[in-house]
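Below is protein-v2.cif, which holds mmCIF, C-alpha atoms.
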```
data_structure
#
loop_
_atom_site.group_PDB
_atom_site.id
_atom_site.type_symbol
_atom_site.label_atom_id
_atom_site.label_comp_id
_atom_site.auth_asym_id
_atom_site.auth_seq_id
_atom_site.Cartn_x
_atom_site.Cartn_y
_atom_site.Cartn_z
ATOM 1 C CA MET R 14 6.520 3.114 14.436
ATOM 2 C CA TRP R 15 3.584 0.959 13.415
ATOM 3 C CA ARG R 16 1.200 -0.835 15.751
ATOM 4 C CA VAL R 17 -0.991 -3.892 15.249
ATOM 5 C CA GLY R 18 -4.073 -1.707 15.715
ATOM 6 C CA ASP R 19 -2.994 0.356 12.694
ATOM 7 C CA PHE R 20 -3.258 -2.766 10.531
ATOM 8 C CA LEU R 21 -6.637 -3.638 12.002
ATOM 9 C CA ARG R 22 -7.947 -0.116 11.243
ATOM 10 C CA GLU R 23 -6.388 -0.295 7.742
ATOM 11 C CA LYS R 24 -4.078 2.662 8.423
ATOM 12 C CA LEU R 25 -1.205 0.410 7.330
ATOM 13 C CA VAL R 26 -1.612 -2.119 4.533
ATOM 14 C CA ILE R 27 0.754 -4.550 2.825
ATOM 15 C CA LEU R 28 -0.237 -5.591 -0.691
ATOM 16 C CA ARG R 29 1.261 -7.337 -3.669
ATOM 17 C CA SER R 30 2.302 -4.791 -6.270
ATOM 18 C CA ASP R 31 0.295 -6.699 -8.901
ATOM 19 C CA ASP R 32 -2.937 -6.763 -6.859
ATOM 20 C CA PRO R 33 -5.795 -6.173 -9.334
ATOM 21 C CA GLU R 34 -7.728 -4.060 -6.798
ATOM 22 C CA ILE R 35 -5.190 -1.224 -6.746
ATOM 23 C CA LYS R 36 -4.734 1.810 -8.933
ATOM 24 C CA ARG R 37 -1.291 3.334 -8.660
ATOM 25 C CA LYS R 38 0.210 6.665 -9.645
ATOM 26 C CA GLY R 39 3.754 7.359 -8.495
ATOM 27 C CA ASP R 40 3.954 6.818 -4.742
ATOM 28 C CA PHE R 41 0.180 6.802 -4.236
ATOM 29 C CA VAL R 42 -2.278 3.917 -4.387
ATOM 30 C CA LEU R 43 -6.062 3.796 -4.414
ATOM 31 C CA TYR R 44 -7.248 0.631 -2.665
ATOM 32 C CA ARG R 45 -10.841 -0.088 -1.652
ATOM 33 C CA GLY R 46 -11.794 3.573 -1.864
ATOM 34 C CA LYS R 47 -8.934 4.814 0.316
ATOM 35 C CA VAL R 48 -5.740 6.596 -0.723
ATOM 36 C CA TYR R 49 -2.422 5.312 0.586
ATOM 37 C CA LYS R 50 1.186 6.443 0.199
ATOM 38 C CA ILE R 51 3.953 3.923 -0.363
ATOM 39 C CA THR R 52 6.235 4.140 2.672
ATOM 40 C CA ASP R 53 9.892 4.910 2.028
ATOM 41 C CA ASP R 54 11.019 2.367 4.617
ATOM 42 C CA TYR R 55 10.211 -0.617 2.427
ATOM 43 C CA LYS R 56 10.345 0.816 -1.090
ATOM 44 C CA GLY R 57 11.780 -1.634 -3.590
ATOM 45 C CA ARG R 58 12.113 -4.603 -1.261
ATOM 46 C CA VAL R 59 11.550 -7.978 -2.891
ATOM 47 C CA TYR R 60 10.668 -11.023 -0.827
ATOM 48 C CA LYS R 61 11.632 -14.535 -1.871
ATOM 49 C CA PHE R 62 9.446 -17.374 -0.682
ATOM 50 C CA THR R 63 11.198 -20.686 -0.261
ATOM 51 C CA GLU R 64 8.135 -22.773 -1.180
ATOM 52 C CA ASN R 65 8.469 -22.066 -4.874
ATOM 53 C CA GLU R 66 11.393 -19.603 -5.018
ATOM 54 C CA LYS R 67 9.012 -16.992 -6.439
ATOM 55 C CA GLU R 68 9.991 -13.366 -5.881
ATOM 56 C CA LEU R 69 7.163 -11.187 -4.681
ATOM 57 C CA ASN R 70 7.188 -7.384 -4.650
ATOM 58 C CA LEU R 71 5.129 -6.079 -1.736
ATOM 59 C CA LEU R 72 3.918 -2.522 -1.257
ATOM 60 C CA HIS R 73 3.910 -1.184 2.303
ATOM 61 C CA LEU R 74 1.244 1.504 2.418
ATOM 62 C CA ILE R 75 0.222 4.133 4.937
ATOM 63 C CA LEU R 76 -3.196 5.784 4.839
ATOM 64 C CA VAL R 77 -3.352 9.414 3.672
ATOM 65 C CA GLU R 78 -5.383 10.867 6.542
ATOM 66 C CA ASP R 79 -5.733 14.462 5.324
ATOM 67 C CA GLU R 80 -9.227 14.331 3.788
ATOM 68 C CA VAL R 81 -8.675 17.141 1.270
ATOM 69 C CA ILE R 82 -5.469 15.611 -0.067
ATOM 70 C CA ALA R 83 -7.025 12.128 -0.094
ATOM 71 C CA ASP R 84 -10.045 13.421 -2.059
ATOM 72 C CA ILE R 85 -7.850 15.150 -4.651
ATOM 73 C CA LEU R 86 -5.557 12.147 -5.054
ATOM 74 C CA GLY R 87 -8.499 9.730 -5.073
ATOM 75 C CA ALA R 88 -10.242 11.645 -7.860
ATOM 76 C CA ASP R 89 -7.011 11.715 -9.847
ATOM 77 C CA LEU R 90 -6.433 7.978 -9.419
ATOM 78 C CA GLU R 91 -10.079 7.168 -10.262
ATOM 79 C CA GLY R 92 -9.712 9.162 -13.464
ATOM 80 C CA GLU R 93 -6.749 6.996 -14.502
ATOM 81 C CA GLY R 94 -8.982 3.933 -14.997
#
```
Turn this file's structure into structure tokens for me.
Amino acid sequence: MWRVGDFLREKLVILRSDDPEIKRKGDFVLYRGKVYKITDDYKGRVYKFTENEKELNLLHLILVEDEVIADILGADLEGEG
């Protein structure tokens, strides 16, 4: 279960899948120097906004808190660029 404080501390993040700041590999995303995992709860959901009927794919991300894993994944994602 998520809490508002998790968003404020950037433990949970919601981003557009086409955000230019992200680097993605599989279910992992590098965003602003932190590694996140795409949560299974929202995978593949598409949101339709009624203003312009544009479909928007959003990624629901949870912070990878294990520092060793985050460092390994972060180095791998950095190397992709």
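Selection check: the PyMOL selection byres ((chain R and resi 28) around 10) on the shown file gives Val26, Ile27, Arg29, Ser30, Asp31, Asp32, Glu34, Ile35, Tyr44, Asn70, Leu71, Leu72, His73 and Leu74 of chain R.
Take the candidates R:Arg37, R:Phe20, R:Gly92, R:Ile75 and check each one against Tyr49 in chain R using all atoms listed in the file; the shortest distance goes to R:Ile75.
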Subject >> Which of R:Leu43, R:Leu25, R:Ile51, R:Val17 sits closest to Gly87 in chain R [using all atoms listed in the file] >> reply: R:Leu43
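Nearest residue to Val77 in chain R, choosing from R:Asp19, R:Val48, R:Val42, R:Glu93 and counting all atoms listed in the file: R:Val48.
Take the candidates R:Phe41, R:Lys50, R:Leu76, R:Lys67 and check each one against Asp89 in chain R using all atoms listed in the file; the shortest distance goes to R:Phe41.
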Original post:
When you draw a straight line from CA of Lys47 in chain R to CA of Ala83 in chain R, how long is it in Å?
Top reply: 7.6 Å
